[in-house]
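Working notes, beginning with the structure itself.
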Amino acid sequence: MAQSTNNANKTEKTANRPVQTIRYGSVRAAIWRNIVDNGNASRSLYCVTFSRSYKDGENAWKETASFGADDLLLLAKAADEAHTWITKQRSADASAEK
C-alpha cells in the first residue's frame with residue numbers, strides 16, 4: 001500500500017518541497033508544482049521525480065534514480081498514482097480559477 005504525504009498547505013518556508021509524495025517500499029515519487037505566469041494569469045504545472053532509497057556499505061541511507069527489475073512494478077504503481085493525483089489536482093486548480 002502506498003504512503004502519501006500532502007505538503008500543499010505548508011508555508012513558503014518549505015517552497016522547495018514536493019506538494020505530494022507517494023511511496024511504495026523503497027520507491028518514491030515526488031510531485032513538484034511550478035507556477036507559470038502567463039501575463040494576467042498564472043497556472044500550475046506539475047512534474048514528477050522518482051527515486052529509490054537504499055543503505056550503502058556503511059549503513060547510511062542514500063537515494064538513486066536507478067531501478068532494478070524488482071523495483072519496476074513499484075515504480076509503475078507510483079507513476080500511476082502520481083498521474084491520478086496530478087489529474088485530480090488540475091481539476092481542482094481549474095475549479096478554483098472560476
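Labels used: A, B, ... for chains in the order of the C-alpha cells, numbers from 1 for residues in each chain, and numbers from 1 for ligands as shown.
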Report task. For range 55-66 of chain A, list every protein, DNA or RNA residue within 12 Å, evaluated using only C-alpha atoms, and leave out those in the same chain fewer than 3 positions away; present the list as number ranges by chain. Result -> A: 26-29, 49-52, 69-72, 75
Filtering to C-alpha atoms, could you give me those residues as a compact mmCIF listing (two decimals), in the first residue's frame?
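So the final result, stored in out-v4.txt, reads:
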```
# COMPACT_ATOMS: atom_id res chain seq x y z
CA SER A 26 11.86 1.96 -1.20
CA VAL A 27 10.44 3.63 -4.35
CA ARG A 28 9.30 7.24 -4.11
CA ALA A 29 7.51 9.60 -6.48
CA THR A 49 10.78 12.83 -9.91
CA PHE A 50 11.36 9.19 -8.95
CA SER A 51 13.94 7.78 -6.57
CA ARG A 52 14.81 4.60 -4.73
CA ALA A 69 13.86 -5.43 -12.09
CA ASP A 70 12.20 -5.94 -8.70
CA ASP A 71 11.53 -2.19 -8.42
CA LEU A 72 9.78 -1.75 -11.77
CA LEU A 75 7.78 2.33 -9.94
```
Requested in this report: For Val36 in chain A, please output as a PyMOL selection string all residues within 12 Å (counting only C-alpha atoms; exclusion window: fewer than 5 positions along the same chain).
Outcome: chain A and resi 41-46
Kindly export the residues of the current selection with N, CA and C atoms, as a compact mmCIF listing (two decimals), in the first residue's frame.
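Writing done, so here's out.txt:
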```txt
# COMPACT_ATOMS: atom_id res chain seq x y z
N ALA A 41 -2.59 35.97 -15.89
CA ALA A 41 -2.96 34.81 -15.08
C ALA A 41 -1.73 33.93 -14.85
N SER A 42 -1.82 33.11 -13.85
CA SER A 42 -0.77 32.13 -13.61
C SER A 42 -1.42 30.76 -13.51
N ARG A 43 -0.65 29.74 -13.79
CA ARG A 43 -1.18 28.39 -13.68
C ARG A 43 -0.10 27.48 -13.13
N SER A 44 -0.53 26.35 -12.62
CA SER A 44 0.39 25.39 -12.05
C SER A 44 0.73 24.31 -13.05
N LEU A 45 2.00 24.00 -13.14
CA LEU A 45 2.47 22.86 -13.92
C LEU A 45 3.05 21.87 -12.92
N TYR A 46 2.83 20.59 -13.16
CA TYR A 46 3.30 19.56 -12.24
C TYR A 46 4.30 18.66 -12.94
```
Requested in this report: DSSP on the backbone, then: every residue of chain A marked strand (DSSP E), written as a PyMOL selection string.
Outcome: chain A and resi 3-6+20-24+27-38+41-55+61-64
Written file, previous selection with C-alpha atoms, as a short mmCIF file (atom, residue, chain, number, x, y, z; two decimals), in the first residue's frame:
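What landed in result_31.cif:
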```cif
data_model
loop_
_atom_site.label_atom_id
_atom_site.label_comp_id
_atom_site.auth_asym_id
_atom_site.auth_seq_id
_atom_site.Cartn_x
_atom_site.Cartn_y
_atom_site.Cartn_z
CA GLN A 3 2.10 6.09 1.71
CA SER A 4 1.05 9.58 0.67
CA THR A 5 2.14 12.91 2.11
CA ASN A 6 0.42 16.16 1.20
CA GLN A 20 2.83 15.37 -2.79
CA THR A 21 4.96 12.31 -2.10
CA ILE A 22 3.96 8.76 -2.96
CA ARG A 23 5.96 5.84 -1.61
CA TYR A 24 5.84 2.13 -2.30
CA VAL A 27 10.44 3.63 -4.35
CA ARG A 28 9.30 7.24 -4.11
CA ALA A 29 7.51 9.60 -6.48
CA ALA A 30 7.79 13.29 -5.58
CA ILE A 31 5.33 15.63 -7.29
CA TRP A 32 6.50 19.22 -7.75
CA ARG A 33 4.40 22.28 -8.54
CA ASN A 34 5.78 25.05 -10.72
CA ILE A 35 3.81 28.29 -11.04
CA VAL A 36 3.96 29.72 -14.56
CA ASP A 37 2.97 33.34 -15.11
CA ASN A 38 1.01 33.87 -18.35
CA ALA A 41 -2.96 34.81 -15.08
CA SER A 42 -0.77 32.13 -13.61
CA ARG A 43 -1.18 28.39 -13.68
CA SER A 44 0.39 25.39 -12.05
CA LEU A 45 2.47 22.86 -13.92
CA TYR A 46 3.30 19.56 -12.24
CA CYS A 47 6.29 17.31 -12.73
CA VAL A 48 7.40 14.13 -11.00
CA THR A 49 10.78 12.83 -9.91
CA PHE A 50 11.36 9.19 -8.95
CA SER A 51 13.94 7.78 -6.57
CA ARG A 52 14.81 4.60 -4.73
CA SER A 53 16.23 4.53 -1.21
CA TYR A 54 18.94 2.09 -0.17
CA LYS A 55 21.60 1.66 2.50
CA TRP A 61 20.66 5.89 3.69
CA LYS A 62 21.19 7.03 0.10
CA GLU A 63 18.93 7.70 -2.89
CA THR A 64 19.33 6.77 -6.54
#
```
When DSSP works through the backbone of this structure, what residues of chain A end up as helix (DSSP H, G or I), shown as a compact mmCIF listing (two decimals) with N, CA and C atoms, in the first residue's frame?
```txt
# COMPACT_ATOMS: atom_id res chain seq x y z
N GLU A 12 5.57 29.16 3.02
CA GLU A 12 6.56 29.44 1.99
C GLU A 12 7.94 28.93 2.37
N LYS A 13 8.18 28.77 3.64
CA LYS A 13 9.46 28.29 4.13
C LYS A 13 9.82 26.93 3.51
N THR A 14 8.81 26.15 3.14
CA THR A 14 9.02 24.83 2.58
C THR A 14 8.75 24.80 1.08
N ALA A 69 15.05 -4.73 -11.58
CA ALA A 69 13.86 -5.43 -12.09
C ALA A 69 12.78 -5.55 -11.02
N ASP A 70 13.17 -5.80 -9.78
CA ASP A 70 12.20 -5.94 -8.70
C ASP A 70 11.52 -4.63 -8.32
N ASP A 71 12.09 -3.50 -8.73
CA ASP A 71 11.53 -2.19 -8.42
C ASP A 71 10.53 -1.70 -9.47
N LEU A 72 10.53 -2.31 -10.64
CA LEU A 72 9.78 -1.75 -11.77
C LEU A 72 8.27 -1.72 -11.56
N LEU A 73 7.70 -2.75 -10.96
CA LEU A 73 6.26 -2.74 -10.71
C LEU A 73 5.91 -1.66 -9.70
N LEU A 74 6.74 -1.50 -8.66
CA LEU A 74 6.51 -0.44 -7.68
C LEU A 74 6.64 0.94 -8.32
N LEU A 75 7.60 1.08 -9.22
CA LEU A 75 7.78 2.33 -9.94
C LEU A 75 6.55 2.64 -10.79
N ALA A 76 6.03 1.62 -11.48
CA ALA A 76 4.84 1.80 -12.30
C ALA A 76 3.63 2.19 -11.45
N LYS A 77 3.48 1.56 -10.29
CA LYS A 77 2.37 1.88 -9.40
C LYS A 77 2.49 3.32 -8.89
N ALA A 78 3.70 3.73 -8.54
CA ALA A 78 3.92 5.10 -8.07
C ALA A 78 3.63 6.10 -9.19
N ALA A 79 4.05 5.77 -10.42
CA ALA A 79 3.79 6.65 -11.56
C ALA A 79 2.29 6.76 -11.83
N ASP A 80 1.58 5.64 -11.74
CA ASP A 80 0.14 5.65 -11.95
C ASP A 80 -0.55 6.50 -10.91
N GLU A 81 -0.18 6.34 -9.65
CA GLU A 81 -0.80 7.13 -8.58
C GLU A 81 -0.45 8.61 -8.71
N ALA A 82 0.78 8.91 -9.14
CA ALA A 82 1.17 10.31 -9.36
C ALA A 82 0.33 10.92 -10.48
N HIS A 83 0.11 10.17 -11.54
CA HIS A 83 -0.72 10.64 -12.65
C HIS A 83 -2.14 10.93 -12.16
N THR A 84 -2.71 10.03 -11.38
CA THR A 84 -4.06 10.23 -10.83
C THR A 84 -4.11 11.47 -9.96
N TRP A 85 -3.12 11.66 -9.09
CA TRP A 85 -3.09 12.83 -8.21
C TRP A 85 -3.01 14.13 -9.02
N ILE A 86 -2.15 14.15 -10.02
CA ILE A 86 -1.99 15.36 -10.84
C ILE A 86 -3.28 15.66 -11.60
N THR A 87 -3.92 14.64 -12.14
CA THR A 87 -5.18 14.84 -12.87
C THR A 87 -6.24 15.44 -11.96
N LYS A 88 -6.38 14.92 -10.75
CA LYS A 88 -7.35 15.47 -9.79
C LYS A 88 -6.97 16.88 -9.38
N GLN A 89 -5.68 17.12 -9.19
CA GLN A 89 -5.24 18.45 -8.76
C GLN A 89 -5.46 19.48 -9.86
N ARG A 90 -5.22 19.11 -11.12
CA ARG A 90 -5.50 20.03 -12.23
C ARG A 90 -6.98 20.41 -12.26
N SER A 91 -7.84 19.42 -12.02
CA SER A 91 -9.28 19.69 -12.00
C SER A 91 -9.62 20.64 -10.85
N ALA A 92 -9.03 20.40 -9.69
CA ALA A 92 -9.26 21.28 -8.55
C ALA A 92 -8.72 22.69 -8.81
N ASP A 93 -7.57 22.78 -9.46
CA ASP A 93 -6.99 24.09 -9.82
C ASP A 93 -7.92 24.84 -10.76
N ALA A 94 -8.48 24.13 -11.77
CA ALA A 94 -9.37 24.76 -12.74
C ALA A 94 -10.65 25.24 -12.05
N SER A 95 -11.17 24.47 -11.11
CA SER A 95 -12.39 24.86 -10.38
C SER A 95 -12.12 26.09 -9.52
N ALA A 96 -10.93 26.17 -8.93
CA ALA A 96 -10.58 27.30 -8.07
C ALA A 96 -10.42 28.59 -8.89
N GLU A 97 -10.05 28.47 -10.16
CA GLU A 97 -9.86 29.64 -11.02
C GLU A 97 -11.18 30.29 -11.41
```
